[in-house]
>>> print(open('input29.cif').read())   # mmCIF, C-alpha atoms, pLDDT in the B column; chains and numbers go by the auth columns
data_final
loop_
_atom_site.group_PDB
_atom_site.id
_atom_site.type_symbol
_atom_site.label_atom_id
_atom_site.label_comp_id
_atom_site.label_asym_id
_atom_site.label_seq_id
_atom_site.Cartn_x
_atom_site.Cartn_y
_atom_site.Cartn_z
_atom_site.B_iso_or_equiv
_atom_site.auth_seq_id
_atom_site.auth_asym_id
ATOM 1 C CA MET A 1 -14.953 4.396 -18.550 69.00 1 A
ATOM 2 C CA SER A 2 -11.367 3.888 -17.386 83.00 2 A
ATOM 3 C CA ASN A 3 -10.395 4.011 -13.737 86.00 3 A
ATOM 4 C CA GLN A 4 -8.401 7.187 -14.365 90.00 4 A
ATOM 5 C CA ALA A 5 -11.400 8.927 -15.920 93.00 5 A
ATOM 6 C CA VAL A 6 -13.606 7.887 -12.998 94.00 6 A
ATOM 7 C CA ALA A 7 -10.933 8.975 -10.516 95.00 7 A
ATOM 8 C CA ASN A 8 -10.673 12.344 -12.250 95.00 8 A
ATOM 9 C CA ARG A 9 -14.425 12.889 -11.917 96.00 9 A
ATOM 10 C CA TYR A 10 -14.387 12.110 -8.196 96.00 10 A
ATOM 11 C CA ALA A 11 -11.255 14.232 -7.735 96.00 11 A
ATOM 12 C CA VAL A 12 -12.860 17.229 -9.457 97.00 12 A
ATOM 13 C CA ALA A 13 -16.001 16.886 -7.320 97.00 13 A
ATOM 14 C CA LEU A 14 -13.990 16.583 -4.101 97.00 14 A
ATOM 15 C CA PHE A 15 -11.709 19.432 -5.179 97.00 15 A
ATOM 16 C CA GLN A 16 -14.638 21.758 -5.872 97.00 16 A
ATOM 17 C CA LEU A 17 -16.207 20.862 -2.524 96.00 17 A
ATOM 18 C CA ALA A 18 -12.927 21.477 -0.688 97.00 18 A
ATOM 19 C CA GLN A 19 -12.397 24.728 -2.579 96.00 19 A
ATOM 20 C CA SER A 20 -15.844 25.987 -1.602 97.00 20 A
ATOM 21 C CA LYS A 21 -15.166 25.124 2.044 96.00 21 A
ATOM 22 C CA GLY A 22 -11.577 26.427 2.023 96.00 22 A
ATOM 23 C CA THR A 23 -10.122 23.049 2.947 96.00 23 A
ATOM 24 C CA LEU A 24 -7.973 22.363 -0.120 96.00 24 A
ATOM 25 C CA ASP A 25 -4.730 21.745 1.794 95.00 25 A
ATOM 26 C CA GLN A 26 -6.378 19.687 4.530 96.00 26 A
ATOM 27 C CA THR A 27 -8.243 17.489 2.051 96.00 27 A
ATOM 28 C CA GLY A 28 -5.073 16.909 0.032 95.00 28 A
ATOM 29 C CA GLU A 29 -3.161 15.914 3.154 96.00 29 A
ATOM 30 C CA GLU A 30 -5.951 13.557 4.208 96.00 30 A
ATOM 31 C CA LEU A 31 -5.937 11.856 0.805 96.00 31 A
ATOM 32 C CA GLU A 32 -2.182 11.367 1.057 93.00 32 A
ATOM 33 C CA VAL A 33 -2.563 9.858 4.538 93.00 33 A
ATOM 34 C CA ILE A 34 -5.217 7.453 3.261 94.00 34 A
ATOM 35 C CA GLN A 35 -3.053 6.447 0.331 92.00 35 A
ATOM 36 C CA SER A 36 -0.112 5.939 2.662 91.00 36 A
ATOM 37 C CA VAL A 37 -2.199 3.788 5.014 92.00 37 A
ATOM 38 C CA LEU A 38 -3.439 1.679 2.103 91.00 38 A
ATOM 39 C CA GLN A 39 0.106 1.159 0.842 91.00 39 A
ATOM 40 C CA SER A 40 1.490 0.264 4.259 94.00 40 A
ATOM 41 C CA THR A 41 -1.364 -2.101 5.182 92.00 41 A
ATOM 42 C CA PRO A 42 -2.180 -4.336 2.234 91.00 42 A
ATOM 43 C CA GLU A 43 -4.441 -6.383 4.529 92.00 43 A
ATOM 44 C CA LEU A 44 -6.826 -3.425 4.712 90.00 44 A
ATOM 45 C CA GLU A 45 -7.098 -3.216 0.947 87.00 45 A
ATOM 46 C CA LYS A 46 -7.473 -7.003 0.646 90.00 46 A
ATOM 47 C CA THR A 47 -10.347 -6.899 3.131 90.00 47 A
ATOM 48 C CA ILE A 48 -12.019 -4.082 1.243 91.00 48 A
ATOM 49 C CA GLN A 49 -11.605 -5.818 -2.112 89.00 49 A
ATOM 50 C CA HIS A 50 -12.680 -9.264 -0.873 92.00 50 A
ATOM 51 C CA PRO A 51 -16.007 -10.265 -2.471 91.00 51 A
ATOM 52 C CA LYS A 52 -17.244 -12.250 0.557 94.00 52 A
ATOM 53 C CA VAL A 53 -16.972 -9.303 2.951 93.00 53 A
ATOM 54 C CA THR A 54 -20.292 -7.452 3.087 95.00 54 A
ATOM 55 C CA LEU A 55 -20.618 -3.776 2.231 94.00 55 A
ATOM 56 C CA VAL A 56 -21.626 -2.966 5.810 95.00 56 A
ATOM 57 C CA ALA A 57 -18.535 -4.715 7.173 95.00 57 A
ATOM 58 C CA LYS A 58 -16.322 -2.858 4.694 94.00 58 A
ATOM 59 C CA GLN A 59 -17.915 0.465 5.652 95.00 59 A
ATOM 60 C CA ASN A 60 -17.321 -0.327 9.317 95.00 60 A
ATOM 61 C CA VAL A 61 -13.654 -1.060 8.593 93.00 61 A
ATOM 62 C CA ILE A 62 -13.287 2.270 6.799 94.00 62 A
ATOM 63 C CA ARG A 63 -15.118 4.159 9.560 95.00 63 A
ATOM 64 C CA SER A 64 -13.037 2.564 12.306 93.00 64 A
ATOM 65 C CA SER A 65 -9.836 3.240 10.367 91.00 65 A
ATOM 66 C CA PHE A 66 -10.415 6.836 9.306 93.00 66 A
ATOM 67 C CA GLU A 67 -13.328 8.420 11.224 92.00 67 A
ATOM 68 C CA GLY A 68 -12.065 11.326 13.300 92.00 68 A
ATOM 69 C CA LYS A 69 -8.738 11.245 11.453 92.00 69 A
ATOM 70 C CA VAL A 70 -10.028 12.668 8.161 94.00 70 A
ATOM 71 C CA GLY A 71 -12.727 15.210 7.377 95.00 71 A
ATOM 72 C CA GLN A 72 -16.329 14.194 6.797 96.00 72 A
ATOM 73 C CA ASP A 73 -16.137 14.973 3.060 96.00 73 A
ATOM 74 C CA VAL A 74 -13.184 12.634 2.542 96.00 74 A
ATOM 75 C CA LEU A 75 -14.786 9.927 4.673 96.00 75 A
ATOM 76 C CA ASN A 76 -18.062 10.248 2.739 96.00 76 A
ATOM 77 C CA THR A 77 -16.123 9.976 -0.526 96.00 77 A
ATOM 78 C CA LEU A 78 -14.475 6.756 0.668 96.00 78 A
ATOM 79 C CA LEU A 79 -17.838 5.321 1.725 96.00 79 A
ATOM 80 C CA LEU A 80 -19.378 6.321 -1.610 96.00 80 A
ATOM 81 C CA LEU A 81 -16.526 4.646 -3.492 95.00 81 A
ATOM 82 C CA LEU A 82 -17.110 1.495 -1.439 94.00 82 A
ATOM 83 C CA GLU A 83 -20.826 1.555 -2.183 95.00 83 A
ATOM 84 C CA ARG A 84 -20.183 1.950 -5.909 95.00 84 A
ATOM 85 C CA GLN A 85 -17.424 -0.687 -5.878 92.00 85 A
ATOM 86 C CA ARG A 86 -14.847 1.882 -6.974 94.00 86 A
ATOM 87 C CA PHE A 87 -12.594 1.872 -3.919 93.00 87 A
ATOM 88 C CA SER A 88 -9.640 0.705 -6.002 91.00 88 A
ATOM 89 C CA ILE A 89 -9.406 4.172 -7.603 94.00 89 A
ATOM 90 C CA VAL A 90 -8.359 5.872 -4.344 94.00 90 A
ATOM 91 C CA PRO A 91 -4.669 6.182 -5.405 93.00 91 A
ATOM 92 C CA GLU A 92 -5.639 7.673 -8.786 95.00 92 A
ATOM 93 C CA LEU A 93 -8.153 9.984 -7.090 96.00 93 A
ATOM 94 C CA SER A 94 -5.477 11.200 -4.693 95.00 94 A
ATOM 95 C CA LYS A 95 -3.056 11.815 -7.538 94.00 95 A
ATOM 96 C CA ALA A 96 -5.675 13.635 -9.638 96.00 96 A
ATOM 97 C CA TYR A 97 -6.667 15.800 -6.662 97.00 97 A
ATOM 98 C CA LYS A 98 -3.005 16.692 -6.060 96.00 98 A
ATOM 99 C CA GLN A 99 -2.598 17.651 -9.726 95.00 99 A
ATOM 100 C CA LEU A 100 -5.695 19.881 -9.588 97.00 100 A
ATOM 101 C CA HIS A 101 -4.315 21.585 -6.481 97.00 101 A
ATOM 102 C CA HIS A 102 -0.915 22.080 -8.099 96.00 102 A
ATOM 103 C CA ASP A 103 -2.519 23.456 -11.272 95.00 103 A
ATOM 104 C CA LEU A 104 -4.467 25.965 -9.184 96.00 104 A
ATOM 105 C CA LEU A 105 -1.289 27.104 -7.416 96.00 105 A
ATOM 106 C CA ASN A 106 0.839 26.908 -10.615 96.00 106 A
ATOM 107 C CA ILE A 107 3.164 24.360 -9.015 96.00 107 A
ATOM 108 C CA ALA A 108 4.927 21.433 -10.674 95.00 108 A
ATOM 109 C CA GLU A 109 6.813 18.478 -9.291 95.00 109 A
ATOM 110 C CA ALA A 110 10.303 17.707 -10.536 96.00 110 A
ATOM 111 C CA THR A 111 12.560 14.723 -10.164 97.00 111 A
ATOM 112 C CA VAL A 112 16.228 15.625 -10.072 97.00 112 A
ATOM 113 C CA TYR A 113 18.588 12.775 -10.926 97.00 113 A
ATOM 114 C CA SER A 114 22.183 13.174 -9.819 96.00 114 A
ATOM 115 C CA ALA A 115 25.258 10.977 -9.448 94.00 115 A
ATOM 116 C CA LYS A 116 25.446 11.768 -5.730 95.00 116 A
ATOM 117 C CA PRO A 117 22.825 12.923 -3.215 96.00 117 A
ATOM 118 C CA LEU A 118 22.076 16.649 -3.386 96.00 118 A
ATOM 119 C CA THR A 119 21.917 18.845 -0.314 96.00 119 A
ATOM 120 C CA ASN A 120 18.703 20.700 0.461 96.00 120 A
ATOM 121 C CA GLU A 121 20.420 23.920 -0.627 97.00 121 A
ATOM 122 C CA GLU A 122 21.361 22.417 -4.005 96.00 122 A
ATOM 123 C CA LEU A 123 17.840 21.099 -4.484 96.00 123 A
ATOM 124 C CA LYS A 124 16.400 24.541 -3.694 96.00 124 A
ATOM 125 C CA GLN A 125 18.717 26.070 -6.307 96.00 125 A
ATOM 126 C CA VAL A 126 17.442 23.599 -8.901 96.00 126 A
ATOM 127 C CA GLU A 127 13.851 24.523 -7.978 96.00 127 A
ATOM 128 C CA ILE A 128 14.596 28.235 -8.378 96.00 128 A
ATOM 129 C CA ILE A 129 16.403 27.806 -11.712 96.00 129 A
ATOM 130 C CA PHE A 130 13.944 25.408 -13.326 95.00 130 A
ATOM 131 C CA ALA A 131 10.612 26.904 -12.182 95.00 131 A
ATOM 132 C CA PRO A 132 10.683 29.641 -14.884 95.00 132 A
ATOM 133 C CA LYS A 133 11.744 27.093 -17.520 93.00 133 A
ATOM 134 C CA ALA A 134 8.669 25.040 -16.671 92.00 134 A
ATOM 135 C CA GLU A 135 6.584 28.242 -16.629 94.00 135 A
ATOM 136 C CA LYS A 136 5.564 27.531 -13.033 95.00 136 A
ATOM 137 C CA SER A 137 5.651 29.791 -10.024 95.00 137 A
ATOM 138 C CA ARG A 138 7.193 27.043 -7.927 95.00 138 A
ATOM 139 C CA LEU A 139 8.752 23.603 -8.248 95.00 139 A
ATOM 140 C CA ILE A 140 8.737 20.840 -5.684 95.00 140 A
ATOM 141 C CA ALA A 141 11.837 18.794 -6.413 96.00 141 A
ATOM 142 C CA THR A 142 12.835 15.390 -5.154 96.00 142 A
ATOM 143 C CA ASN A 143 16.281 13.930 -5.603 97.00 143 A
ATOM 144 C CA LYS A 144 17.055 10.465 -6.928 97.00 144 A
ATOM 145 C CA VAL A 145 20.592 9.185 -7.138 97.00 145 A
ATOM 146 C CA ASP A 146 21.605 7.617 -10.453 95.00 146 A
ATOM 147 C CA THR A 147 25.306 6.765 -10.415 93.00 147 A
ATOM 148 C CA GLU A 148 25.258 6.034 -14.176 94.00 148 A
ATOM 149 C CA LEU A 149 25.002 9.791 -14.825 94.00 149 A
ATOM 150 C CA ILE A 150 28.712 10.114 -13.827 93.00 150 A
ATOM 151 C CA GLY A 151 28.171 13.826 -13.041 94.00 151 A
ATOM 152 C CA GLY A 152 25.799 16.707 -13.675 94.00 152 A
ATOM 153 C CA LEU A 153 22.020 16.595 -13.383 96.00 153 A
ATOM 154 C CA ARG A 154 19.000 15.326 -15.242 97.00 154 A
ATOM 155 C CA VAL A 155 15.763 17.125 -14.325 96.00 155 A
ATOM 156 C CA ARG A 156 12.374 15.699 -15.191 96.00 156 A
ATOM 157 C CA ILE A 157 9.346 18.001 -14.979 95.00 157 A
ATOM 158 C CA GLY A 158 6.230 16.236 -16.233 90.00 158 A
ATOM 159 C CA ASP A 159 7.051 15.028 -19.742 91.00 159 A
ATOM 160 C CA ARG A 160 10.038 17.363 -20.167 94.00 160 A
ATOM 161 C CA ILE A 161 13.590 16.240 -19.472 95.00 161 A
ATOM 162 C CA TYR A 162 16.513 18.642 -19.104 95.00 162 A
ATOM 163 C CA ASP A 163 19.667 16.561 -19.394 96.00 163 A
ATOM 164 C CA GLY A 164 22.874 18.218 -18.248 94.00 164 A
ATOM 165 C CA SER A 165 24.516 15.005 -17.114 95.00 165 A
ATOM 166 C CA ILE A 166 27.902 13.844 -18.339 94.00 166 A
ATOM 167 C CA LYS A 167 26.324 10.610 -19.561 94.00 167 A
ATOM 168 C CA GLY A 168 23.853 12.639 -21.639 94.00 168 A
ATOM 169 C CA GLN A 169 26.653 14.783 -23.069 94.00 169 A
ATOM 170 C CA LEU A 170 28.658 11.672 -23.974 95.00 170 A
ATOM 171 C CA ASN A 171 25.601 10.136 -25.652 94.00 171 A
ATOM 172 C CA ARG A 172 25.027 13.323 -27.691 94.00 172 A
ATOM 173 C CA LEU A 173 28.723 13.439 -28.642 94.00 173 A
ATOM 174 C CA GLU A 174 28.560 9.792 -29.740 94.00 174 A
ATOM 175 C CA ARG A 175 25.473 10.458 -31.886 94.00 175 A
ATOM 176 C CA ASN A 176 27.152 13.481 -33.494 92.00 176 A
ATOM 177 C CA LEU A 177 30.318 11.521 -34.256 93.00 177 A
ATOM 178 C CA LEU A 178 28.317 8.663 -35.769 91.00 178 A
ATOM 179 C CA ALA A 179 26.236 11.090 -37.827 90.00 179 A
ATOM 180 C CA GLY A 180 29.441 12.780 -39.068 83.00 180 A
ATOM 181 C CA ASN A 181 30.876 9.447 -40.256 60.00 181 A
ATOM 182 C CA ARG A 182 27.979 8.742 -42.630 51.00 182 A
#
>>> encode(input="input29.cif", output="structure tokens")
Amino acid sequence: MSNQAVANRYAVALFQLAQSKGTLDQTGEELEVIQSVLQSTPELEKTIQHPKVTLVAKQNVIRSSFEGKVGQDVLNTLLLLLERQRFSIVPELSKAYKQLHHDLLNIAEATVYSAKPLTNEELKQVEIIFAPKAEKSRLIATNKVDTELIGGLRVRIGDRIYDGSIKGQLNRLERNLLAGNR
């Protein structure tokens, strides 16, 4: 079974537990904090993945790092993943949990590429305009600057791309001209 499939199973179990306890938001935030800590402290992950460090020592590291900072369900999930030698799936688990939460709330994430940084107001306008196109009640958009676009926007929502950039228009014009010359 792939890591993603295993992560999905753990995410569904944790999601259902959090849903039954009414802690969906809190659990999601805790998973993001854990993922952030793991990314910012590679030494922690190296220690956890090291084969010569005993399970008890690894569990103590996790308890000392996260006990009191995350809920008991999240901490128990981390300890269970350690015990089953599946701790490496934590980032995938966090991502799968976030997707489950967004699906429940009918929310999607969007990446908005622009030639210059967008203001918060402009980003909100993009969210409002593109949420119905994605058939979602709400979009959470992040802006990435891509100077090669020249102008306009390219919006990516999941696998869909809406390209209103000048570069995209020039590329389409070029394709049409080449197709007309055949």
>>> closest_residue(input="input29.cif", among="A:Glu83, A:Ser2, A:Gln99, A:Asn76", to="Ala57 in chain A", atoms="all atoms listed in the file")
A:Glu83
>>> closest_residue(input="input29.cif", among="A:Ala110, A:Ile157, A:Phe130, A:Asn120", to="Thr142 in chain A", atoms="only C-alpha atoms")
A:Ala110
>>> resolve_selection(input="input29.cif", expression="the PyMOL selection byres ((chain A and resi 26-40) around 9)", output="MDAnalysis selection string")
chainID A and resid 14:15 18 22:25 41:45 66 69:71 73:74 90:91 93:95 97:98 101
>>> closest_residue(input="input29.cif", among="A:Leu104, A:Val53, A:Ala141, A:Ala11", to="Leu78 in chain A", atoms="all atoms listed in the file")
A:Ala11
>>> residues_around(input="input29.cif", residues="Ser88 in chain A", least_positions_apart="3", cutoff="10 Å", atoms="all atoms listed in the file", output="list of chain:residue names")
A:Asn3, A:Ala7, A:Glu45, A:Ile48, A:Gln49, A:Leu81, A:Leu82, A:Gln85, A:Pro91, A:Glu92, A:Leu93
>>> resolve_selection(input="input29.cif", expression="the PyMOL selection byres ((chain A and resi 163-175) around 12)", output="number ranges by chain")
A: 111-116, 146-157, 160-162, 176-182
